Structure formats: structure tokens, C-alpha cells
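Visitor: My file is structure25.pdb. It has PDB, C-alpha atoms:
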ATOM      1  CA  MET F   1      -5.096  33.929  37.868  1.00  0.00           C
ATOM      2  CA  TRP F   2      -6.326  30.578  36.618  1.00  0.00           C
ATOM      3  CA  GLU F   3      -9.326  30.593  38.887  1.00  0.00           C
ATOM      4  CA  GLY F   4     -11.274  33.067  36.788  1.00  0.00           C
ATOM      5  CA  LEU F   5     -10.930  30.731  33.812  1.00  0.00           C
ATOM      6  CA  ILE F   6     -12.275  27.606  35.521  1.00  0.00           C
ATOM      7  CA  GLU F   7     -15.983  27.429  36.256  1.00  0.00           C
ATOM      8  CA  ASP F   8     -16.164  23.760  37.236  1.00  0.00           C
ATOM      9  CA  PRO F   9     -16.006  23.619  41.055  1.00  0.00           C
ATOM     10  CA  GLY F  10     -14.490  20.121  41.061  1.00  0.00           C
ATOM     11  CA  LEU F  11     -11.715  21.123  38.683  1.00  0.00           C
ATOM     12  CA  ALA F  12     -10.990  24.286  40.677  1.00  0.00           C
ATOM     13  CA  ALA F  13     -10.748  22.227  43.882  1.00  0.00           C
ATOM     14  CA  ALA F  14      -8.416  19.757  42.138  1.00  0.00           C
ATOM     15  CA  HIS F  15      -6.124  22.605  41.066  1.00  0.00           C
ATOM     16  CA  CYS F  16      -5.988  23.797  44.678  1.00  0.00           C
ATOM     17  CA  ARG F  17      -5.270  20.313  46.001  1.00  0.00           C
ATOM     18  CA  ALA F  18      -2.425  19.903  43.489  1.00  0.00           C
ATOM     19  CA  TYR F  19      -0.902  23.253  44.446  1.00  0.00           C
ATOM     20  CA  ASN F  20      -1.275  22.471  48.154  1.00  0.00           C
ATOM     21  CA  ARG F  21       0.409  19.064  47.836  1.00  0.00           C
ATOM     22  CA  TRP F  22       3.275  20.718  45.923  1.00  0.00           C
ATOM     23  CA  ALA F  23       3.667  23.445  48.577  1.00  0.00           C
ATOM     24  CA  LEU F  24       3.690  20.862  51.369  1.00  0.00           C
ATOM     25  CA  GLU F  25       6.222  18.658  49.568  1.00  0.00           C
ATOM     26  CA  LEU F  26       8.440  21.656  48.791  1.00  0.00           C
ATOM     27  CA  THR F  27       8.677  22.641  52.447  1.00  0.00           C
ATOM     28  CA  VAL F  28       9.178  19.188  53.992  1.00  0.00           C
ATOM     29  CA  GLY F  29      12.194  19.326  56.265  1.00  0.00           C
ATOM     30  CA  ARG F  30      12.335  23.120  55.998  1.00  0.00           C
ATOM     31  CA  ARG F  31       9.356  24.136  58.114  1.00  0.00           C
ATOM     32  CA  GLU F  32      11.588  25.878  60.660  1.00  0.00           C
ATOM     33  CA  ARG F  33      12.304  28.436  57.907  1.00  0.00           C
ATOM     34  CA  LEU F  34       9.440  28.055  55.418  1.00  0.00           C
ATOM     35  CA  CYS F  35       5.733  28.256  56.135  1.00  0.00           C
ATOM     36  CA  PRO F  36       3.553  26.889  53.325  1.00  0.00           C
ATOM     37  CA  LEU F  37       0.434  28.866  52.459  1.00  0.00           C
ATOM     38  CA  GLY F  38      -2.508  26.885  51.127  1.00  0.00           C
ATOM     39  CA  HIS F  39      -4.889  27.808  48.328  1.00  0.00           C
ATOM     40  CA  ILE F  40      -8.636  27.169  48.375  1.00  0.00           C
ATOM     41  CA  SER F  41     -11.312  27.820  45.785  1.00  0.00           C
ATOM     42  CA  LEU F  42     -14.560  29.389  46.930  1.00  0.00           C
ATOM     43  CA  ARG F  43     -16.571  27.822  44.071  1.00  0.00           C
ATOM     44  CA  ASP F  44     -17.633  24.994  46.400  1.00  0.00           C
ATOM     45  CA  PRO F  45     -17.668  25.986  50.084  1.00  0.00           C
ATOM     46  CA  ALA F  46     -17.963  22.363  51.277  1.00  0.00           C
ATOM     47  CA  ALA F  47     -14.850  21.377  49.292  1.00  0.00           C
ATOM     48  CA  ALA F  48     -13.066  24.477  50.597  1.00  0.00           C
ATOM     49  CA  VAL F  49     -13.846  23.484  54.188  1.00  0.00           C
ATOM     50  CA  LYS F  50     -12.578  19.952  53.555  1.00  0.00           C
ATOM     51  CA  GLU F  51      -9.345  21.347  52.096  1.00  0.00           C
ATOM     52  CA  LEU F  52      -8.956  23.731  55.053  1.00  0.00           C
ATOM     53  CA  GLU F  53      -9.270  20.808  57.454  1.00  0.00           C
ATOM     54  CA  GLY F  54      -6.693  18.769  55.535  1.00  0.00           C
ATOM     55  CA  LEU F  55      -4.265  21.668  55.375  1.00  0.00           C
ATOM     56  CA  ASN F  56      -4.704  22.345  59.069  1.00  0.00           C
ATOM     57  CA  ALA F  57      -3.893  18.715  59.839  1.00  0.00           C
ATOM     58  CA  GLU F  58      -0.632  19.222  57.898  1.00  0.00           C
ATOM     59  CA  GLY F  59       0.253  22.253  60.011  1.00  0.00           C
ATOM     60  CA  VAL F  60      -0.653  24.953  57.482  1.00  0.00           C
ATOM     61  CA  ARG F  61      -1.725  28.127  59.298  1.00  0.00           C
ATOM     62  CA  GLY F  62      -3.147  30.213  56.442  1.00  0.00           C
ATOM     63  CA  VAL F  63      -4.627  30.093  52.959  1.00  0.00           C
ATOM     64  CA  MET F  64      -5.210  32.377  50.023  1.00  0.00           C
ATOM     65  CA  VAL F  65      -8.321  32.840  47.885  1.00  0.00           C
ATOM     66  CA  ALA F  66      -8.895  34.553  44.544  1.00  0.00           C
ATOM     67  CA  ALA F  67      -9.344  38.298  44.793  1.00  0.00           C
ATOM     68  CA  LEU F  68     -12.703  38.135  43.017  1.00  0.00           C
ATOM     69  CA  PRO F  69     -15.094  35.570  44.488  1.00  0.00           C
ATOM     70  CA  PRO F  70     -17.176  33.468  42.079  1.00  0.00           C
ATOM     71  CA  GLY F  71     -20.829  34.022  41.297  1.00  0.00           C
ATOM     72  CA  ASP F  72     -20.969  37.798  41.603  1.00  0.00           C
ATOM     73  CA  ARG F  73     -21.051  37.479  45.389  1.00  0.00           C
ATOM     74  CA  SER F  74     -19.059  39.563  47.821  1.00  0.00           C
ATOM     75  CA  LEU F  75     -16.688  37.799  50.187  1.00  0.00           C
ATOM     76  CA  GLY F  76     -19.181  38.695  52.933  1.00  0.00           C
ATOM     77  CA  HIS F  77     -22.060  36.810  51.246  1.00  0.00           C
ATOM     78  CA  PRO F  78     -23.634  34.126  53.489  1.00  0.00           C
ATOM     79  CA  TYR F  79     -22.795  31.519  50.798  1.00  0.00           C
ATOM     80  CA  PHE F  80     -19.184  31.658  52.022  1.00  0.00           C
ATOM     81  CA  ASP F  81     -19.994  31.565  55.761  1.00  0.00           C
ATOM     82  CA  PRO F  82     -19.073  27.856  56.157  1.00  0.00           C
ATOM     83  CA  VAL F  83     -15.569  28.637  54.879  1.00  0.00           C
ATOM     84  CA  TRP F  84     -15.048  31.575  57.232  1.00  0.00           C
ATOM     85  CA  GLU F  85     -16.496  29.614  60.157  1.00  0.00           C
ATOM     86  CA  ALA F  86     -14.140  26.692  59.505  1.00  0.00           C
ATOM     87  CA  ALA F  87     -11.139  29.017  59.153  1.00  0.00           C
ATOM     88  CA  GLU F  88     -12.029  30.672  62.451  1.00  0.00           C
ATOM     89  CA  LYS F  89     -12.537  27.333  64.215  1.00  0.00           C
ATOM     90  CA  LEU F  90      -9.190  26.056  62.877  1.00  0.00           C
ATOM     91  CA  GLN F  91      -7.503  29.395  63.663  1.00  0.00           C
ATOM     92  CA  MET F  92      -6.327  29.751  60.053  1.00  0.00           C
ATOM     93  CA  ALA F  93      -5.709  33.119  58.459  1.00  0.00           C
TER
END
For this file, write the structure as C-alpha cells.

Guide:
Amino acid sequence: MWEGLIEDPGLAAAHCRAYNRWALELTVGRRERLCPLGHISLRDPAAAVKELEGLNAEGVRGVMVAALPPGDRSLGHPYFDPVWEAAEKLQMA
């Protein structure tokens, strides 16, 4: 899990964007059989929301996050509310 090793929110978001572009490219022309799953970092909720919106525009229906959220916060902490609200609005798991 690389995410625990990276504290810089911008770098974490860049890692996610790179993975997401790879997953989308890998499944081009195979979407009837393969469903890409995105990855977002919770280190920067605004960046996570932006990535969710971009993934949704590409047809991605779900994302994964690190098991342990950053900053000693629970996943239910209000800090992450913008991410959960965007996921709900976009109907992304």
C-alpha cells in the first residue's frame, strides 16, 4: 500500500490519476467484459472529488480508497463528507 508512504496530497493524487489512466486504457474496447475500478486518495478531498467526476465521465462506476484514512480520522469524519456526497451524487460505489 503505497498510500501510507506518501504524505504529499498532490503526489498521492498524481499516483491515483496515473493508475486510473492505466486502468481506463487497459479496458478500452473491452468494457462489455471488464469494468475498471478507480482509485482516489482521501488526503485532499477536493482533488478526490475532481477525480471522481473525471472517472464518472469516463463511465467508471466505483472507486477504491486506502483502508486507513489519512490524518487519524475515521472514514466517517466530516472532513471526508465532500467525497461521500460527490460519490452519492454521481451514483458511484

Visitor: Show which residues sit within 9 Å of segment 39-52 of chain F, as a PyMOL selection string. Count only C-alpha atoms, and ignore same-chain residues fewer than 4 positions away.

Guide: chain F and resi 3+7-10+12-13+15-17+19-20+56-57+60+62-66+69-71+79-87+90+92

Visitor: Between atom CA of Arg61 of chain F and atom CA of Ala93 of chain F, what is the spacing in Å?

Guide: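 Straight-line distance from atom CA of Ala93 of chain F to atom CA of Arg61 of chain F works out to 6.4 Å.
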
Visitor: Considering only C-alpha atoms, state which residue in the set F:Gly4, F:Glu88, F:Glu32, F:Gly38 is at the smallest distance from Ala67 of chain F.

Guide: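 Of F:Gly4, F:Glu88, F:Glu32, F:Gly38, the one nearest Ala67 of chain F, counting only C-alpha atoms, is F:Gly4.
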
Visitor: Could you tell me how far atom CA of Trp22 of chain F sits from atom CA of Leu75 of chain F, in Å to one decimal place?

Guide: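 Separating atom CA of Leu75 of chain F from atom CA of Trp22 of chain F is a distance of 26.6 Å.
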
Visitor: Have a look at atom CA of Gly54 of chain F and atom CA of Ala23 of chain F and let me know their distance in Å, one decimal.

Guide: 13.3 Å
